[in-house]
Amino acid sequence: MRDTLIQARDLSRSYSNGREQVHVLSGVSFELHRGEAVAVIGPSGSGKSTLLNLLNGLLPAERGELQVFGRAHSDLTDSDWAELRRTRIATLFQDGNLIPTLTVSRNIAFRAGLAGVHRHNGDALMERLGIADTAQRYPDQLSGGQRQRAALACAFAMQPQLILADEPTGSLDYATAQRVAPLFFDAIRERSLGALIVTHNPELAQRCDRILELREGALHPWDSALSS
Ligand SMILES: Nc1ncnc2c1ncn2[C@@H]1O[C@H](COP(=O)(O)OP(=O)(O)OP(=O)(O)O)[C@@H](O)[C@H]1O
Ligand SMILES: [Mg+2]
């Protein structure tokens, strides 16, 4: 039987904008298994980042059912979610998530240490991502693309079982973005990582096992014929 990391059924979420309630997600259903990469595409404002934050427990769903690592959302306490985010679920946020008072190298060591990974491969990750020369710099001394790569190195150094990545190549030029996909696919092959990748990068999306499109509040199998 396949090991299911995420099982979502009919997840809904709205925001109140003043007097108006805006329904962003209105029935998201999908599954993600170990060793699988799923790309999520969709226009700006369609709810992709909102969805990732439902899946990492930072935002509660209003309706629907969610199981993560086989545990029902309703059974997970705040500290259960914190433990999952510390050790098993890495989220790559759209605007980066580095600690401003630590150098890149220390950010990586800190993140890995929190996850219980004491012999981390941060140096190799920085090398692969082309940011070895930034190891001793602080986040505010980096370009947007360097920050994005440092956040990727932190996420992979913690050796998570599940990565929720919000446009991991969004700030990178073409050649640099090419370095990112192998990180995901090597970890999927070597450690059966599961990855949900929000991306506008067609090559990264095409390498995933499935592409889902977030449209009108729900996820649909992406049909390239409809989009061309
Ligand atoms: N805290 C909030 N309060 C009110 N509205 C919000 C809030 N967060 C997001 N929204 C709205 O919800 C919708 C979905 O936002 P979300 O950030 O999930 O979209 P997205 O698909 O990630 O977009 P992008 O591709 O631009 O990152 C948008 O219309 C946004 O303005
Ligand atoms: Mg977003």
# chains A, B, ... in the order shown; residues from 1 in each chain; ligands from 1

$ residues_near_ligand --ligand "ligand 1" --cutoff "8 Å" --atoms "only C-alpha atoms and all ligand atoms" --output "list in words"
Ser14, Tyr15, Ser16, Asn17, Val22, His23, Val24, Gly42, Pro43, Ser44, Gly45, Ser46, Gly47, Lys48, Ser49, Thr50, Leu51, Gln94, Asp166 and Leu214 of chain A

$ write_last_selection --atoms "N, CA, C and O atoms" --output "mmCIF file, in the first residue's frame"
data_model
loop_
_atom_site.group_PDB
_atom_site.id
_atom_site.type_symbol
_atom_site.label_atom_id
_atom_site.label_comp_id
_atom_site.auth_asym_id
_atom_site.auth_seq_id
_atom_site.Cartn_x
_atom_site.Cartn_y
_atom_site.Cartn_z
ATOM 1 N N SER A 14 -11.833 30.837 3.677
ATOM 2 C CA SER A 14 -12.145 32.184 3.170
ATOM 3 C C SER A 14 -11.430 33.196 4.045
ATOM 4 O O SER A 14 -10.905 32.864 5.109
ATOM 5 N N TYR A 15 -11.384 34.434 3.575
ATOM 6 C CA TYR A 15 -10.847 35.538 4.368
ATOM 7 C C TYR A 15 -11.913 36.609 4.443
ATOM 8 O O TYR A 15 -12.664 36.790 3.489
ATOM 9 N N SER A 16 -11.945 37.317 5.572
ATOM 10 C CA SER A 16 -12.882 38.441 5.580
ATOM 11 C C SER A 16 -12.122 39.709 5.245
ATOM 12 O O SER A 16 -11.096 40.031 5.855
ATOM 13 N N ASN A 17 -12.614 40.370 4.208
ATOM 14 C CA ASN A 17 -12.023 41.621 3.762
ATOM 15 C C ASN A 17 -13.025 42.715 4.105
ATOM 16 O O ASN A 17 -13.928 42.993 3.343
ATOM 17 N N VAL A 22 -14.367 36.584 1.423
ATOM 18 C CA VAL A 22 -13.853 36.136 0.122
ATOM 19 C C VAL A 22 -13.504 34.653 0.217
ATOM 20 O O VAL A 22 -12.647 34.254 1.013
ATOM 21 N N HIS A 23 -14.181 33.857 -0.581
ATOM 22 C CA HIS A 23 -13.937 32.406 -0.572
ATOM 23 C C HIS A 23 -12.763 32.095 -1.489
ATOM 24 O O HIS A 23 -12.873 32.251 -2.701
ATOM 25 N N VAL A 24 -11.662 31.694 -0.895
ATOM 26 C CA VAL A 24 -10.455 31.430 -1.685
ATOM 27 C C VAL A 24 -10.405 29.947 -2.073
ATOM 28 O O VAL A 24 -10.225 29.616 -3.240
ATOM 29 N N GLY A 42 -1.403 27.824 -10.947
ATOM 30 C CA GLY A 42 -2.643 28.598 -10.824
ATOM 31 C C GLY A 42 -2.300 30.069 -10.813
ATOM 32 O O GLY A 42 -1.207 30.452 -10.390
ATOM 33 N N PRO A 43 -3.229 30.918 -11.254
ATOM 34 C CA PRO A 43 -2.930 32.350 -11.342
ATOM 35 C C PRO A 43 -2.693 32.989 -9.986
ATOM 36 O O PRO A 43 -3.072 32.432 -8.948
ATOM 37 N N SER A 44 -2.080 34.159 -10.022
ATOM 38 C CA SER A 44 -1.847 34.916 -8.795
ATOM 39 C C SER A 44 -3.180 35.170 -8.100
ATOM 40 O O SER A 44 -4.162 35.551 -8.747
ATOM 41 N N GLY A 45 -3.217 34.914 -6.804
ATOM 42 C CA GLY A 45 -4.441 35.145 -6.043
ATOM 43 C C GLY A 45 -5.387 33.958 -6.033
ATOM 44 O O GLY A 45 -6.455 34.011 -5.421
ATOM 45 N N SER A 46 -5.014 32.851 -6.684
ATOM 46 C CA SER A 46 -5.936 31.707 -6.737
ATOM 47 C C SER A 46 -5.950 30.903 -5.438
ATOM 48 O O SER A 46 -6.824 30.060 -5.247
ATOM 49 N N GLY A 47 -4.979 31.150 -4.543
ATOM 50 C CA GLY A 47 -5.024 30.481 -3.248
ATOM 51 C C GLY A 47 -3.925 29.463 -3.008
ATOM 52 O O GLY A 47 -4.000 28.660 -2.072
ATOM 53 N N LYS A 48 -2.865 29.499 -3.789
ATOM 54 C CA LYS A 48 -1.805 28.495 -3.671
ATOM 55 C C LYS A 48 -1.094 28.583 -2.322
ATOM 56 O O LYS A 48 -0.883 27.574 -1.648
ATOM 57 N N SER A 49 -0.717 29.803 -1.932
ATOM 58 C CA SER A 49 -0.021 29.952 -0.646
ATOM 59 C C SER A 49 -0.968 29.633 0.510
ATOM 60 O O SER A 49 -0.555 29.039 1.520
ATOM 61 N N THR A 50 -2.226 30.001 0.351
ATOM 62 C CA THR A 50 -3.219 29.676 1.382
ATOM 63 C C THR A 50 -3.289 28.165 1.572
ATOM 64 O O THR A 50 -3.287 27.659 2.702
ATOM 65 N N LEU A 51 -3.312 27.439 0.453
ATOM 66 C CA LEU A 51 -3.377 25.977 0.531
ATOM 67 C C LEU A 51 -2.172 25.416 1.287
ATOM 68 O O LEU A 51 -2.321 24.565 2.176
ATOM 69 N N GLN A 94 7.074 31.762 0.299
ATOM 70 C CA GLN A 94 7.305 32.563 -0.902
ATOM 71 C C GLN A 94 8.305 33.682 -0.622
ATOM 72 O O GLN A 94 9.106 34.040 -1.464
ATOM 73 N N ASP A 166 6.800 26.920 -1.938
ATOM 74 C CA ASP A 166 6.020 27.983 -2.581
ATOM 75 C C ASP A 166 6.908 28.734 -3.574
ATOM 76 O O ASP A 166 7.707 29.589 -3.188
ATOM 77 N N LEU A 214 -4.908 24.974 -9.575
ATOM 78 C CA LEU A 214 -5.854 25.545 -8.621
ATOM 79 C C LEU A 214 -6.703 26.559 -9.389
ATOM 80 O O LEU A 214 -6.196 27.570 -9.889
#

$ residues_around --residues "range 103-117 of chain A" --least-positions-apart "3" --cutoff "12 Å" --atoms "only C-alpha atoms" --output "MDAnalysis selection string"
chainID A and resid 82:91 97:100 120:127 131:142 146:161

$ write_last_selection --atoms "N, CA and C atoms" --output "short mmCIF file (atom, residue, chain, number, x, y, z; two decimals), in the first residue's frame"
data_model
loop_
_atom_site.label_atom_id
_atom_site.label_comp_id
_atom_site.auth_asym_id
_atom_site.auth_seq_id
_atom_site.Cartn_x
_atom_site.Cartn_y
_atom_site.Cartn_z
N ALA A 82 3.58 21.86 15.58
CA ALA A 82 4.90 22.48 15.72
C ALA A 82 5.99 21.41 15.59
N GLU A 83 5.74 20.26 16.18
CA GLU A 83 6.71 19.15 16.10
C GLU A 83 6.85 18.66 14.65
N LEU A 84 5.72 18.56 13.96
CA LEU A 84 5.78 18.14 12.55
C LEU A 84 6.57 19.15 11.72
N ARG A 85 6.34 20.45 11.96
CA ARG A 85 7.05 21.46 11.17
C ARG A 85 8.54 21.51 11.54
N ARG A 86 8.85 21.14 12.78
CA ARG A 86 10.24 21.16 13.22
C ARG A 86 11.04 20.01 12.59
N THR A 87 10.39 18.85 12.46
CA THR A 87 11.16 17.66 12.09
C THR A 87 10.78 17.03 10.75
N ARG A 88 9.52 17.12 10.36
CA ARG A 88 9.09 16.29 9.22
C ARG A 88 8.57 17.07 8.02
N ILE A 89 8.03 18.25 8.28
CA ILE A 89 7.46 19.05 7.18
C ILE A 89 8.28 20.32 7.02
N ALA A 90 8.92 20.48 5.88
CA ALA A 90 9.63 21.74 5.60
C ALA A 90 8.75 22.59 4.69
N THR A 91 8.53 23.83 5.09
CA THR A 91 7.79 24.75 4.20
C THR A 91 8.77 25.78 3.68
N ASN A 97 12.37 32.32 4.65
CA ASN A 97 12.12 32.18 6.08
C ASN A 97 13.44 31.95 6.80
N LEU A 98 14.33 32.92 6.65
CA LEU A 98 15.63 32.81 7.32
C LEU A 98 15.61 33.63 8.60
N ILE A 99 16.41 33.24 9.56
CA ILE A 99 16.52 34.01 10.80
C ILE A 99 17.51 35.14 10.56
N PRO A 100 17.06 36.41 10.74
CA PRO A 100 17.89 37.54 10.30
C PRO A 100 19.19 37.71 11.09
N HIS A 120 24.75 17.48 9.25
CA HIS A 120 24.01 17.92 8.08
C HIS A 120 24.96 18.17 6.90
N ASN A 121 24.35 18.27 5.72
CA ASN A 121 25.14 18.43 4.49
C ASN A 121 25.04 19.87 3.97
N GLY A 122 25.02 20.83 4.89
CA GLY A 122 24.83 22.23 4.50
C GLY A 122 25.89 22.73 3.53
N ASP A 123 27.16 22.36 3.74
CA ASP A 123 28.21 22.85 2.84
C ASP A 123 27.97 22.35 1.42
N ALA A 124 27.64 21.06 1.32
CA ALA A 124 27.39 20.49 -0.01
C ALA A 124 26.18 21.15 -0.65
N LEU A 125 25.15 21.41 0.14
CA LEU A 125 23.94 22.04 -0.40
C LEU A 125 24.26 23.45 -0.91
N MET A 126 25.02 24.22 -0.12
CA MET A 126 25.38 25.58 -0.55
C MET A 126 26.18 25.52 -1.85
N GLU A 127 27.08 24.54 -1.92
CA GLU A 127 27.90 24.36 -3.12
C GLU A 127 27.00 24.06 -4.33
N ILE A 131 25.85 29.03 -3.65
CA ILE A 131 25.86 30.11 -2.65
C ILE A 131 26.92 29.87 -1.57
N ALA A 132 27.94 29.05 -1.90
CA ALA A 132 28.98 28.76 -0.91
C ALA A 132 29.64 30.06 -0.42
N ASP A 133 29.76 31.03 -1.32
CA ASP A 133 30.43 32.29 -0.94
C ASP A 133 29.58 33.17 -0.02
N THR A 134 28.35 32.78 0.22
CA THR A 134 27.50 33.59 1.10
C THR A 134 27.41 33.01 2.52
N ALA A 135 28.15 31.94 2.78
CA ALA A 135 27.99 31.19 4.04
C ALA A 135 28.07 32.08 5.28
N GLN A 136 28.97 33.06 5.25
CA GLN A 136 29.18 33.88 6.45
C GLN A 136 28.39 35.18 6.41
N ARG A 137 27.48 35.31 5.44
CA ARG A 137 26.70 36.55 5.35
C ARG A 137 25.36 36.40 6.04
N TYR A 138 24.80 37.53 6.44
CA TYR A 138 23.47 37.55 7.06
C TYR A 138 22.42 37.73 5.96
N PRO A 139 21.18 37.29 6.23
CA PRO A 139 20.15 37.35 5.20
C PRO A 139 19.99 38.72 4.55
N ASP A 140 20.13 39.81 5.31
CA ASP A 140 19.92 41.13 4.68
C ASP A 140 21.11 41.54 3.81
N GLN A 141 22.15 40.70 3.76
CA GLN A 141 23.29 40.98 2.88
C GLN A 141 23.22 40.14 1.59
N LEU A 142 22.05 39.51 1.38
CA LEU A 142 21.90 38.62 0.21
C LEU A 142 20.93 39.21 -0.79
N GLN A 146 19.60 34.71 -3.80
CA GLN A 146 20.50 34.03 -2.84
C GLN A 146 19.72 33.65 -1.58
N ARG A 147 18.82 34.53 -1.16
CA ARG A 147 17.99 34.22 0.03
C ARG A 147 17.13 32.99 -0.26
N GLN A 148 16.58 32.95 -1.44
CA GLN A 148 15.73 31.82 -1.80
C GLN A 148 16.54 30.52 -1.77
N ARG A 149 17.78 30.58 -2.28
CA ARG A 149 18.60 29.36 -2.28
C ARG A 149 19.04 28.99 -0.87
N ALA A 150 19.30 30.00 -0.02
CA ALA A 150 19.67 29.70 1.37
C ALA A 150 18.49 29.03 2.08
N ALA A 151 17.27 29.49 1.80
CA ALA A 151 16.08 28.86 2.41
C ALA A 151 15.93 27.42 1.92
N LEU A 152 16.25 27.19 0.65
CA LEU A 152 16.20 25.82 0.11
C LEU A 152 17.22 24.93 0.84
N ALA A 153 18.43 25.48 1.04
CA ALA A 153 19.46 24.69 1.74
C ALA A 153 19.00 24.36 3.16
N CYS A 154 18.38 25.31 3.84
CA CYS A 154 17.86 25.05 5.20
C CYS A 154 16.82 23.92 5.16
N ALA A 155 15.92 24.00 4.20
CA ALA A 155 14.83 23.01 4.14
C ALA A 155 15.39 21.61 3.88
N PHE A 156 16.34 21.51 2.96
CA PHE A 156 16.86 20.17 2.64
C PHE A 156 17.79 19.66 3.73
N ALA A 157 18.48 20.57 4.42
CA ALA A 157 19.40 20.12 5.49
C ALA A 157 18.64 19.45 6.63
N MET A 158 17.37 19.80 6.81
CA MET A 158 16.62 19.16 7.92
C MET A 158 16.11 17.77 7.54
N GLN A 159 16.38 17.34 6.30
CA GLN A 159 15.97 16.01 5.83
C GLN A 159 14.51 15.69 6.18
N PRO A 160 13.62 16.53 5.67
CA PRO A 160 12.20 16.33 5.98
C PRO A 160 11.61 15.16 5.19
N GLN A 161 10.44 14.74 5.59
CA GLN A 161 9.74 13.70 4.83
C GLN A 161 8.78 14.33 3.81
#

$ closest_residue --among "A:Ser192, A:Ala37, A:Leu52, A:Val68" --to "Arg207 in chain A" --atoms "only C-alpha atoms"
A:Ala37

$ closest_residue --among "A:Thr4, A:Ser143, A:Asn53, A:Ser79" --to "ligand 2" --atoms "only C-alpha atoms and all ligand atoms"
A:Asn53

$ residues_around --residues "range 69-77 of chain A" --least-positions-apart "3" --cutoff "12 Å" --atoms "only C-alpha atoms" --output "mmCIF file with C-alpha atoms, in the first residue's frame"
data_model
loop_
_atom_site.group_PDB
_atom_site.id
_atom_site.type_symbol
_atom_site.label_atom_id
_atom_site.label_comp_id
_atom_site.auth_asym_id
_atom_site.auth_seq_id
_atom_site.Cartn_x
_atom_site.Cartn_y
_atom_site.Cartn_z
ATOM 1 C CA ARG A 2 1.298 3.474 -0.818
ATOM 2 C CA ASP A 3 2.330 5.607 2.088
ATOM 3 C CA THR A 4 0.023 8.618 2.083
ATOM 4 C CA LEU A 5 1.536 11.831 3.417
ATOM 5 C CA ILE A 6 -1.407 14.132 2.775
ATOM 6 C CA GLN A 7 -5.042 13.308 2.273
ATOM 7 C CA ALA A 8 -7.246 16.347 1.771
ATOM 8 C CA ARG A 9 -11.011 16.209 1.260
ATOM 9 C CA LEU A 11 -10.894 21.777 2.253
ATOM 10 C CA GLU A 31 -3.554 13.029 -2.043
ATOM 11 C CA LEU A 32 0.215 13.111 -1.898
ATOM 12 C CA HIS A 33 2.238 9.955 -1.362
ATOM 13 C CA ARG A 34 5.777 9.270 -0.266
ATOM 14 C CA LEU A 54 -3.544 24.778 5.515
ATOM 15 C CA LEU A 55 -1.309 21.776 4.870
ATOM 16 C CA ASN A 56 1.410 22.805 7.334
ATOM 17 C CA GLY A 57 -1.093 23.637 10.059
ATOM 18 C CA LEU A 58 -0.434 27.383 10.188
ATOM 19 C CA LEU A 59 -3.945 28.197 8.996
ATOM 20 C CA PRO A 60 -7.023 26.208 10.013
ATOM 21 C CA ALA A 61 -9.412 25.011 7.322
ATOM 22 C CA GLU A 62 -13.017 26.077 7.788
ATOM 23 C CA ARG A 63 -14.467 22.885 6.348
ATOM 24 C CA GLY A 64 -13.223 19.578 5.069
ATOM 25 C CA GLU A 65 -10.943 16.844 6.261
ATOM 26 C CA LEU A 66 -7.183 16.745 6.311
ATOM 27 C CA ASP A 80 1.825 18.295 17.377
ATOM 28 C CA TRP A 81 1.843 20.647 14.378
ATOM 29 C CA ALA A 82 4.900 22.479 15.718
ATOM 30 C CA GLU A 83 6.705 19.152 16.103
ATOM 31 C CA LEU A 84 5.780 18.140 12.548
ATOM 32 C CA ARG A 88 9.095 16.293 9.215
ATOM 33 C CA ILE A 89 7.456 19.053 7.184
ATOM 34 C CA GLN A 161 9.740 13.704 4.826
ATOM 35 C CA LEU A 162 7.479 16.293 3.221
ATOM 36 C CA GLY A 194 7.066 13.783 -0.817
#

$ atom_distance --atom1 "CA of Ala39 in chain A" --atom2 "CA of Pro168 in chain A"
11.4 Å

$ closest_residue --among "A:Leu219, A:Leu25, A:Ile41, A:Leu129" --to "Ala175 in chain A" --atoms "only C-alpha atoms"
A:Leu129

$ atom_distance --atom1 "CA of Ile188 in chain A" --atom2 "CA of Arg215 in chain A"
27.1 Å

$ closest_residue --among "A:Ser224, A:Ser12, A:Gln206, A:Thr169" --to "Phe93 in chain A" --atoms "only C-alpha atoms"
A:Thr169

$ select_by_dssp --residues "range 24-208 of chain A" --states "helix (DSSP H, G or I)" --output "PyMOL selection string"
chain A and resi 48-55+73-75+78-87+104-114+122-129+132-134+139-141+144-157+174-177+180-191+202-207

$ atom_distance --atom1 "CA of Glu203 in chain A" --atom2 "CA of Ala177 in chain A"
9.7 Å

$ decode --residues "range 112-125 of chain A" --atoms "all heavy atoms" --output "PDB file, in the first residue's frame"
ATOM      1  N   ALA A 112      18.775  22.399  10.782  1.00  0.00           N
ATOM      2  CA  ALA A 112      19.066  20.963  10.815  1.00  0.00           C
ATOM      3  C   ALA A 112      19.064  20.467  12.261  1.00  0.00           C
ATOM      4  O   ALA A 112      18.484  19.423  12.576  1.00  0.00           O
ATOM      5  CB  ALA A 112      20.416  20.701  10.155  1.00  0.00           C
ATOM      6  N   GLY A 113      19.690  21.247  13.153  1.00  0.00           N
ATOM      7  CA  GLY A 113      19.769  20.852  14.559  1.00  0.00           C
ATOM      8  C   GLY A 113      18.390  20.722  15.187  1.00  0.00           C
ATOM      9  O   GLY A 113      18.115  19.777  15.924  1.00  0.00           O
ATOM     10  N   LEU A 114      17.512  21.687  14.871  1.00  0.00           N
ATOM     11  CA  LEU A 114      16.141  21.620  15.398  1.00  0.00           C
ATOM     12  C   LEU A 114      15.454  20.328  14.978  1.00  0.00           C
ATOM     13  O   LEU A 114      14.674  19.750  15.724  1.00  0.00           O
ATOM     14  CB  LEU A 114      15.307  22.781  14.843  1.00  0.00           C
ATOM     15  CG  LEU A 114      15.243  24.090  15.587  1.00  0.00           C
ATOM     16  CD1 LEU A 114      14.228  25.003  14.900  1.00  0.00           C
ATOM     17  CD2 LEU A 114      14.865  23.893  17.041  1.00  0.00           C
ATOM     18  N   ALA A 115      15.756  19.907  13.756  1.00  0.00           N
ATOM     19  CA  ALA A 115      15.122  18.689  13.241  1.00  0.00           C
ATOM     20  C   ALA A 115      15.822  17.427  13.735  1.00  0.00           C
ATOM     21  O   ALA A 115      15.436  16.319  13.369  1.00  0.00           O
ATOM     22  CB  ALA A 115      15.127  18.720  11.711  1.00  0.00           C
ATOM     23  N   GLY A 116      16.883  17.592  14.537  1.00  0.00           N
ATOM     24  CA  GLY A 116      17.595  16.433  15.069  1.00  0.00           C
ATOM     25  C   GLY A 116      18.633  15.879  14.113  1.00  0.00           C
ATOM     26  O   GLY A 116      19.139  14.773  14.316  1.00  0.00           O
ATOM     27  N   VAL A 117      18.964  16.664  13.063  1.00  0.00           N
ATOM     28  CA  VAL A 117      19.981  16.222  12.101  1.00  0.00           C
ATOM     29  C   VAL A 117      21.291  16.901  12.490  1.00  0.00           C
ATOM     30  O   VAL A 117      21.480  18.087  12.242  1.00  0.00           O
ATOM     31  CB  VAL A 117      19.586  16.612  10.659  1.00  0.00           C
ATOM     32  CG1 VAL A 117      20.661  16.215   9.665  1.00  0.00           C
ATOM     33  CG2 VAL A 117      18.248  15.978  10.286  1.00  0.00           C
ATOM     34  N   HIS A 118      22.195  16.171  13.102  1.00  0.00           N
ATOM     35  CA  HIS A 118      23.404  16.818  13.632  1.00  0.00           C
ATOM     36  C   HIS A 118      24.578  16.776  12.667  1.00  0.00           C
ATOM     37  O   HIS A 118      25.460  17.610  12.721  1.00  0.00           O
ATOM     38  CB  HIS A 118      23.759  16.228  15.001  1.00  0.00           C
ATOM     39  CG  HIS A 118      22.650  16.485  15.977  1.00  0.00           C
ATOM     40  ND1 HIS A 118      22.297  17.764  16.372  1.00  0.00           N
ATOM     41  CD2 HIS A 118      21.765  15.655  16.560  1.00  0.00           C
ATOM     42  CE1 HIS A 118      21.263  17.703  17.184  1.00  0.00           C
ATOM     43  NE2 HIS A 118      20.910  16.427  17.312  1.00  0.00           N
ATOM     44  N   ARG A 119      24.572  15.809  11.761  1.00  0.00           N
ATOM     45  CA  ARG A 119      25.622  15.791  10.723  1.00  0.00           C
ATOM     46  C   ARG A 119      24.960  16.181   9.406  1.00  0.00           C
ATOM     47  O   ARG A 119      24.626  15.323   8.591  1.00  0.00           O
ATOM     48  CB  ARG A 119      26.245  14.392  10.633  1.00  0.00           C
ATOM     49  CG  ARG A 119      27.081  14.058  11.855  1.00  0.00           C
ATOM     50  CD  ARG A 119      27.466  12.588  11.841  1.00  0.00           C
ATOM     51  NE  ARG A 119      28.268  12.263  10.668  1.00  0.00           N
ATOM     52  CZ  ARG A 119      29.583  12.374  10.615  1.00  0.00           C
ATOM     53  NH1 ARG A 119      30.246  12.782  11.684  1.00  0.00           N
ATOM     54  NH2 ARG A 119      30.251  12.061   9.530  1.00  0.00           N
ATOM     55  N   HIS A 120      24.748  17.483   9.254  1.00  0.00           N
ATOM     56  CA  HIS A 120      24.005  17.925   8.076  1.00  0.00           C
ATOM     57  C   HIS A 120      24.957  18.166   6.899  1.00  0.00           C
ATOM     58  O   HIS A 120      26.171  18.253   7.071  1.00  0.00           O
ATOM     59  CB  HIS A 120      23.194  19.189   8.402  1.00  0.00           C
ATOM     60  CG  HIS A 120      24.051  20.364   8.724  1.00  0.00           C
ATOM     61  ND1 HIS A 120      24.625  21.120   7.739  1.00  0.00           N
ATOM     62  CD2 HIS A 120      24.436  20.908   9.909  1.00  0.00           C
ATOM     63  CE1 HIS A 120      25.325  22.086   8.308  1.00  0.00           C
ATOM     64  NE2 HIS A 120      25.238  21.970   9.617  1.00  0.00           N
ATOM     65  N   ASN A 121      24.350  18.270   5.718  1.00  0.00           N
ATOM     66  CA  ASN A 121      25.145  18.433   4.494  1.00  0.00           C
ATOM     67  C   ASN A 121      25.037  19.866   3.965  1.00  0.00           C
ATOM     68  O   ASN A 121      24.966  20.088   2.757  1.00  0.00           O
ATOM     69  CB  ASN A 121      24.687  17.427   3.427  1.00  0.00           C
ATOM     70  CG  ASN A 121      23.206  17.598   3.076  1.00  0.00           C
ATOM     71  OD1 ASN A 121      22.470  18.264   3.817  1.00  0.00           O
ATOM     72  ND2 ASN A 121      22.772  17.017   1.982  1.00  0.00           N
ATOM     73  N   GLY A 122      25.020  20.826   4.890  1.00  0.00           N
ATOM     74  CA  GLY A 122      24.835  22.226   4.499  1.00  0.00           C
ATOM     75  C   GLY A 122      25.886  22.732   3.528  1.00  0.00           C
ATOM     76  O   GLY A 122      25.547  23.453   2.577  1.00  0.00           O
ATOM     77  N   ASP A 123      27.156  22.357   3.743  1.00  0.00           N
ATOM     78  CA  ASP A 123      28.210  22.850   2.842  1.00  0.00           C
ATOM     79  C   ASP A 123      27.975  22.347   1.422  1.00  0.00           C
ATOM     80  O   ASP A 123      28.084  23.098   0.456  1.00  0.00           O
ATOM     81  CB  ASP A 123      29.593  22.395   3.327  1.00  0.00           C
ATOM     82  CG  ASP A 123      30.009  23.137   4.598  1.00  0.00           C
ATOM     83  OD1 ASP A 123      29.378  24.174   4.907  1.00  0.00           O
ATOM     84  OD2 ASP A 123      30.928  22.661   5.288  1.00  0.00           O
ATOM     85  N   ALA A 124      27.638  21.061   1.320  1.00  0.00           N
ATOM     86  CA  ALA A 124      27.394  20.490  -0.013  1.00  0.00           C
ATOM     87  C   ALA A 124      26.175  21.147  -0.652  1.00  0.00           C
ATOM     88  O   ALA A 124      26.165  21.417  -1.860  1.00  0.00           O
ATOM     89  CB  ALA A 124      27.184  18.978   0.106  1.00  0.00           C
ATOM     90  N   LEU A 125      25.150  21.408   0.142  1.00  0.00           N
ATOM     91  CA  LEU A 125      23.944  22.045  -0.401  1.00  0.00           C
ATOM     92  C   LEU A 125      24.256  23.453  -0.907  1.00  0.00           C
ATOM     93  O   LEU A 125      23.831  23.846  -1.998  1.00  0.00           O
ATOM     94  CB  LEU A 125      22.845  22.108   0.672  1.00  0.00           C
ATOM     95  CG  LEU A 125      22.140  20.775   0.966  1.00  0.00           C
ATOM     96  CD1 LEU A 125      21.356  20.855   2.278  1.00  0.00           C
ATOM     97  CD2 LEU A 125      21.202  20.408  -0.187  1.00  0.00           C
TER      98      LEU A 125
END
